[in-house]
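Novice: CSV, C-alpha atoms, saved as coords.csv, coming up:
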```csv
chain,number,residue,atom,x,y,z
A,34,MET,CA,9.0,11.5,0.1
A,35,ALA,CA,7.6,8.1,-1.0
A,36,ARG,CA,6.3,6.8,-4.3
A,37,ILE,CA,3.0,5.1,-3.3
A,38,VAL,CA,0.7,2.8,-5.2
A,39,LEU,CA,-2.8,3.1,-3.5
A,40,ILE,CA,-5.6,0.7,-4.0
A,41,GLU,CA,-9.0,1.5,-2.6
A,42,ASP,CA,-12.4,0.4,-4.0
A,43,ASP,CA,-14.3,3.2,-2.2
A,44,HIS,CA,-13.8,6.2,-4.5
A,45,THR,CA,-14.5,8.8,-1.8
A,46,ILE,CA,-11.8,7.2,0.4
A,47,LEU,CA,-9.5,6.8,-2.6
A,48,ASP,CA,-9.8,10.5,-3.5
A,49,THR,CA,-9.4,11.7,0.1
A,50,LEU,CA,-6.3,9.6,0.7
A,51,THR,CA,-4.8,10.5,-2.6
A,52,ARG,CA,-5.2,14.2,-1.9
A,53,ALA,CA,-3.9,13.9,1.6
A,54,LEU,CA,-0.8,11.9,0.7
A,55,ARG,CA,0.0,14.2,-2.2
A,56,HIS,CA,-0.3,17.2,0.2
A,57,LEU,CA,2.2,15.5,2.4
A,58,GLY,CA,4.6,15.4,-0.6
A,59,HIS,CA,4.2,11.8,-1.8
A,60,ALA,CA,3.9,10.7,-5.4
A,61,VAL,CA,0.7,8.6,-5.6
A,62,TRP,CA,-0.6,6.3,-8.2
A,63,SER,CA,-4.3,5.7,-7.3
A,64,TYR,CA,-6.4,2.8,-8.4
A,65,GLY,CA,-9.9,1.6,-7.7
A,66,ASP,CA,-9.1,-2.1,-8.3
A,67,THR,CA,-6.2,-4.5,-8.1
A,68,ARG,CA,-5.7,-5.2,-11.8
A,69,ARG,CA,-4.6,-1.9,-13.2
A,70,PRO,CA,-1.4,-1.4,-11.1
A,71,LEU,CA,-0.2,-4.7,-12.5
A,72,ALA,CA,-0.9,-3.7,-16.1
A,73,ASP,CA,0.8,-0.3,-15.5
A,74,ASP,CA,3.9,-1.8,-13.9
A,75,ALA,CA,3.4,0.7,-11.1
A,76,LEU,CA,4.7,-1.7,-8.5
A,77,GLU,CA,8.2,-1.7,-10.1
A,78,GLN,CA,8.5,2.0,-9.3
A,79,ALA,CA,6.8,2.1,-5.9
A,80,ASP,CA,8.4,2.5,-2.5
A,81,VAL,CA,5.2,1.2,-0.8
A,82,LEU,CA,1.9,-0.4,-1.7
A,83,ILE,CA,-1.1,0.6,0.3
A,84,ALA,CA,-4.0,-1.7,-0.5
A,85,ASP,CA,-7.5,-2.1,0.8
A,86,TRP,CA,-8.3,-5.7,1.6
A,87,VAL,CA,-10.4,-6.3,-1.5
A,88,ASP,CA,-10.8,-9.1,-4.0
A,89,GLY,CA,-7.5,-9.6,-5.7
A,90,ALA,CA,-5.4,-8.0,-2.9
A,91,ALA,CA,-3.7,-11.3,-2.1
A,92,ASP,CA,-2.5,-11.6,-5.7
A,93,LEU,CA,-1.4,-8.0,-5.8
A,94,ILE,CA,0.6,-8.5,-2.6
A,95,SER,CA,2.3,-11.5,-4.1
A,96,ALA,CA,3.1,-9.5,-7.2
A,97,ALA,CA,4.6,-6.7,-5.0
A,98,LYS,CA,6.9,-9.2,-3.3
A,99,ALA,CA,7.9,-10.8,-6.6
A,100,CYS,CA,8.7,-7.7,-8.6
A,101,GLY,CA,12.3,-6.6,-9.4
A,102,ARG,CA,12.5,-4.6,-6.2
A,103,PRO,CA,10.1,-6.1,-3.6
A,104,THR,CA,7.6,-3.5,-2.4
A,105,PRO,CA,6.6,-3.2,1.3
A,106,VAL,CA,2.9,-3.6,1.8
A,107,LEU,CA,0.5,-1.8,4.1
A,108,VAL,CA,-3.1,-3.2,4.1
A,109,ILE,CA,-5.9,-0.8,5.1
A,110,THR,CA,-9.1,-2.5,6.0
A,111,GLY,CA,-12.4,-2.3,7.9
A,112,GLN,CA,-12.5,-6.1,8.3
A,113,LEU,CA,-11.5,-7.0,11.8
A,114,ASN,CA,-10.4,-10.5,10.8
A,115,ALA,CA,-8.3,-9.5,7.7
A,116,GLU,CA,-5.0,-8.9,9.5
A,117,PRO,CA,-3.9,-12.6,9.8
A,118,GLN,CA,-4.8,-13.2,6.2
A,119,ALA,CA,-3.0,-10.1,5.0
A,120,ARG,CA,0.1,-10.9,7.0
A,121,LEU,CA,0.1,-14.5,5.6
A,122,CYS,CA,0.1,-13.0,2.1
A,123,GLY,CA,3.1,-10.9,2.9
A,124,ALA,CA,1.8,-7.6,4.2
A,125,GLU,CA,4.3,-6.0,6.7
A,126,ALA,CA,1.6,-3.8,8.3
A,127,VAL,CA,-2.1,-3.5,8.7
A,128,LEU,CA,-4.2,-0.4,9.6
A,129,LEU,CA,-7.7,-0.9,10.7
A,130,LYS,CA,-10.2,1.7,9.3
A,131,PRO,CA,-11.0,4.3,10.5
A,132,PHE,CA,-7.4,5.5,11.1
A,133,LEU,CA,-5.9,9.0,11.5
A,134,LEU,CA,-3.7,10.5,8.8
A,135,PRO,CA,-0.7,10.7,11.3
A,136,GLU,CA,-1.0,6.9,11.8
A,137,LEU,CA,-0.9,6.3,8.1
A,138,GLU,CA,2.1,8.6,7.7
A,139,ALA,CA,4.0,6.9,10.5
A,140,ALA,CA,3.3,3.5,8.9
A,141,ILE,CA,4.5,4.7,5.5
A,142,ASP,CA,7.6,6.2,6.9
A,143,SER,CA,8.4,3.0,8.8
A,144,LEU,CA,7.9,0.8,5.7
A,145,VAL,CA,9.9,3.1,3.4
A,146,ARG,CA,12.7,3.2,6.0
A,147,GLU,CA,12.7,-0.6,6.4
A,148,GLY,CA,12.6,-1.1,2.6
A,149,THR,CA,15.5,1.2,2.0
A,150,GLU,CA,17.6,-0.6,4.7
A,151,GLU,CA,16.8,-4.0,3.1
A,152,ARG,CA,17.8,-2.8,-0.4
A,153,GLU,CA,21.0,-1.3,0.9
A,154,ALA,CA,22.0,-4.4,2.8
```
Before anything else, please render the file you have as structure tokens.
Specialist:
Amino acid sequence: MARIVLIEDDHTILDTLTRALRHLGHAVWSYGDTRRPLADDALEQADVLIADWVDGAADLISAAKACGRPTPVLVITGQLNAEPQARLCGAEAVLLKPFLLPELEAAIDSLVREGTEEREA
């Protein structure tokens, strides 16, 4: 399964998603803000970054793309107008909240598969 860095500023959503993703077999590093994953070097180990569209998300996405092994990015957001901005910053996918867990799992699988193919090419 995937190694996931998860950023979500709503602690209820963060806890729920962390538990659900771990139940599905993923290794999850969970953060309530965008600064700590950079300090922890978590992006260097991740197969995918899932980030709420919060302050600092654009910088985090840039860091994910610039690290030793570029990390695919999935933005999760409740902001209807965030998708164009997220994609301009380098996000490969955007899920609008609320979403279903199978939708999230499908997006993760797709990003991990694409990332693996790119690294092998």
Novice: How far is it from CA of Ile40 (chain A) to CA of Lys98 (chain A), in Å with one decimal?
Specialist: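 Computing the Euclidean distance for CA of Ile40 (chain A) and CA of Lys98 (chain A) yields 16.0 Å.
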Novice: Kindly give the distance, in Å, that separates CA of Leu54 (chain A) and CA of Ala99 (chain A), rounded to a single decimal.
Specialist: 25.4 Å
Novice: What's around region 45-47 of chain A at 8 Å? Count all atoms listed in the file, leave out sequence neighbours fewer than 3 positions away in its own chain, and write the answer as a PDB file with C-alpha atoms, in the coordinates of the input.
Specialist:
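Once written, out.pdb looks like this:
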```pdb
ATOM      1  CA  LEU A  39      -2.800   3.100  -3.500  1.00  0.00           C
ATOM      2  CA  ILE A  40      -5.600   0.700  -4.000  1.00  0.00           C
ATOM      3  CA  GLU A  41      -9.000   1.500  -2.600  1.00  0.00           C
ATOM      4  CA  ASP A  42     -12.400   0.400  -4.000  1.00  0.00           C
ATOM      5  CA  LEU A  50      -6.300   9.600   0.700  1.00  0.00           C
ATOM      6  CA  THR A  51      -4.800  10.500  -2.600  1.00  0.00           C
ATOM      7  CA  SER A  63      -4.300   5.700  -7.300  1.00  0.00           C
ATOM      8  CA  TYR A  64      -6.400   2.800  -8.400  1.00  0.00           C
ATOM      9  CA  GLY A  65      -9.900   1.600  -7.700  1.00  0.00           C
TER      10      GLY A  65
END
```
Novice: Find the spatial neighbours of Leu93 (chain A), counting only C-alpha atoms, within a cut-off of 7 Å - ignore same-chain residues fewer than 4 positions away - and output them as an NGL selection string.
Specialist: :A and (67 or 89 or 97)
Novice: Using only C-alpha atoms, which of A:Val108, A:Leu76, A:Ala35, A:Val61 sits nearest Ala124 (chain A)?
Specialist: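 Once distances to Ala124 (chain A) are computed over only C-alpha atoms, the minimum belongs to A:Val108.
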Novice: Just the residues within 9 Å of region 77-83 of chain A, please, counting only C-alpha atoms, with nothing from its chain fewer than 2 positions along; format it as a list in words.
Specialist: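 In the requested format, the answer is Ala35, Arg36, Ile37, Val38, Leu39, Ile40, Glu41, Val61, Trp62, Asp74, Ala75, Asp85, Ile94, Ala97, Cys100, Gly101, Arg102, Pro103, Thr104, Pro105, Val106, Leu107, Val108, Ile109, Ile141, Leu144, Val145, Gly148 and Thr149 of chain A.
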Novice: So, counting only C-alpha atoms, which residue among A:Arg146, A:Asp43, A:Asp88, A:Glu138 is closest to His59 (chain A)?
Specialist: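 Selected residue with least distance to His59 (chain A): A:Glu138.
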Novice: To one decimal place in Å, what is the distance between CA of Cys122 (chain A) and CA of Ala91 (chain A)?
Specialist: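 Computed distance, CA of Cys122 (chain A) to CA of Ala91 (chain A), equals 5.9 Å.
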Novice: Of the residues A:Gly111, A:Pro117, A:Val87, A:Asp73, which is the one nearest to Leu129 (chain A), using all atoms listed in the file?
Specialist: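 When distances to Leu129 (chain A) are compared using all atoms listed in the file, the smallest one comes from A:Gly111.
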Novice: My list of candidates is A:Ala126, A:Thr49, A:Trp86, A:Ala140. Which is closest to Gln112 (chain A) when distances are computed with all atoms listed in the file?
Specialist: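 Of A:Ala126, A:Thr49, A:Trp86, A:Ala140, the one nearest Gln112 (chain A), counting all atoms listed in the file, is A:Trp86.
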Novice: Kindly indicate which residue among A:Asn114, A:Ala96, A:Pro135, A:Gly123 lies nearest to Leu57 (chain A), using only C-alpha atoms for the distances.
Specialist: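 Of A:Asn114, A:Ala96, A:Pro135, A:Gly123, the one nearest Leu57 (chain A) is A:Pro135, counting only C-alpha atoms.
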Novice: For Glu125 (chain A), which residue out of A:Leu137, A:Pro70, A:Glu147, A:Thr110 is the nearest one, using only C-alpha atoms?
Specialist: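 Closest to Glu125 (chain A) of all the choices is A:Glu147.
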Novice: How would region 45-77 of chain A look with N, CA and C atoms restored, written as a compact mmCIF listing (two decimals), in the coordinates of the input?
Specialist:
```txt
# COMPACT_ATOMS: atom_id res chain seq x y z
N THR A 45 -14.59 7.62 -2.66
CA THR A 45 -14.50 8.80 -1.80
C THR A 45 -13.21 8.65 -0.91
N ILE A 46 -12.98 7.46 -0.36
CA ILE A 46 -11.80 7.20 0.40
C ILE A 46 -10.53 7.35 -0.45
N LEU A 47 -10.60 6.78 -1.66
CA LEU A 47 -9.50 6.80 -2.60
C LEU A 47 -9.10 8.29 -2.89
N ASP A 48 -10.08 9.11 -3.23
CA ASP A 48 -9.80 10.50 -3.50
C ASP A 48 -9.26 11.27 -2.33
N THR A 49 -9.85 11.03 -1.16
CA THR A 49 -9.40 11.70 0.10
C THR A 49 -7.97 11.33 0.42
N LEU A 50 -7.66 10.03 0.39
CA LEU A 50 -6.30 9.60 0.70
C LEU A 50 -5.29 10.07 -0.32
N THR A 51 -5.68 10.04 -1.58
CA THR A 51 -4.80 10.50 -2.60
C THR A 51 -4.41 11.97 -2.41
N ARG A 52 -5.42 12.81 -2.17
CA ARG A 52 -5.20 14.20 -1.90
C ARG A 52 -4.31 14.45 -0.69
N ALA A 53 -4.63 13.74 0.38
CA ALA A 53 -3.90 13.90 1.60
C ALA A 53 -2.43 13.47 1.49
N LEU A 54 -2.20 12.35 0.83
CA LEU A 54 -0.80 11.90 0.70
C LEU A 54 -0.03 12.77 -0.27
N ARG A 55 -0.67 13.28 -1.31
CA ARG A 55 0.00 14.20 -2.20
C ARG A 55 0.34 15.52 -1.46
N HIS A 56 -0.58 15.96 -0.61
CA HIS A 56 -0.30 17.20 0.20
C HIS A 56 0.87 16.99 1.10
N LEU A 57 1.09 15.77 1.56
CA LEU A 57 2.20 15.50 2.40
C LEU A 57 3.53 15.32 1.60
N GLY A 58 3.43 15.41 0.28
CA GLY A 58 4.60 15.40 -0.60
C GLY A 58 4.89 14.07 -1.26
N HIS A 59 4.01 13.09 -1.12
CA HIS A 59 4.20 11.80 -1.80
C HIS A 59 3.75 11.81 -3.21
N ALA A 60 4.38 11.00 -4.03
CA ALA A 60 3.90 10.70 -5.40
C ALA A 60 2.95 9.55 -5.27
N VAL A 61 1.74 9.68 -5.78
CA VAL A 61 0.70 8.60 -5.60
C VAL A 61 0.10 8.22 -6.89
N TRP A 62 0.13 6.90 -7.12
CA TRP A 62 -0.60 6.30 -8.20
C TRP A 62 -1.87 5.68 -7.56
N SER A 63 -3.05 6.14 -7.93
CA SER A 63 -4.30 5.70 -7.30
C SER A 63 -5.09 4.80 -8.24
N TYR A 64 -5.62 3.72 -7.66
CA TYR A 64 -6.40 2.80 -8.40
C TYR A 64 -7.62 2.30 -7.64
N GLY A 65 -8.72 2.06 -8.35
CA GLY A 65 -9.90 1.60 -7.70
C GLY A 65 -10.07 0.08 -7.72
N ASP A 66 -9.10 -0.63 -8.33
CA ASP A 66 -9.10 -2.10 -8.30
C ASP A 66 -7.69 -2.60 -8.33
N THR A 67 -7.52 -3.91 -8.22
CA THR A 67 -6.20 -4.50 -8.10
C THR A 67 -5.55 -4.87 -9.43
N ARG A 68 -6.27 -4.80 -10.52
CA ARG A 68 -5.70 -5.20 -11.80
C ARG A 68 -4.86 -4.18 -12.49
N ARG A 69 -5.27 -2.93 -12.46
CA ARG A 69 -4.60 -1.90 -13.20
C ARG A 69 -3.13 -1.64 -12.78
N PRO A 70 -2.81 -1.67 -11.48
CA PRO A 70 -1.40 -1.40 -11.10
C PRO A 70 -0.46 -2.47 -11.73
N LEU A 71 -0.96 -3.69 -11.89
CA LEU A 71 -0.20 -4.70 -12.50
C LEU A 71 0.06 -4.44 -13.98
N ALA A 72 -1.00 -4.01 -14.65
CA ALA A 72 -0.90 -3.70 -16.10
C ALA A 72 -0.01 -2.46 -16.31
N ASP A 73 -0.01 -1.52 -15.38
CA ASP A 73 0.80 -0.30 -15.50
C ASP A 73 2.23 -0.45 -15.05
N ASP A 74 2.59 -1.60 -14.51
CA ASP A 74 3.90 -1.80 -13.90
C ASP A 74 4.24 -0.81 -12.82
N ALA A 75 3.23 -0.30 -12.14
CA ALA A 75 3.40 0.70 -11.10
C ALA A 75 4.20 0.14 -9.91
N LEU A 76 4.04 -1.14 -9.62
CA LEU A 76 4.70 -1.70 -8.50
C LEU A 76 6.25 -1.69 -8.62
N GLU A 77 6.73 -1.72 -9.85
CA GLU A 77 8.20 -1.70 -10.10
C GLU A 77 8.80 -0.37 -9.66
```
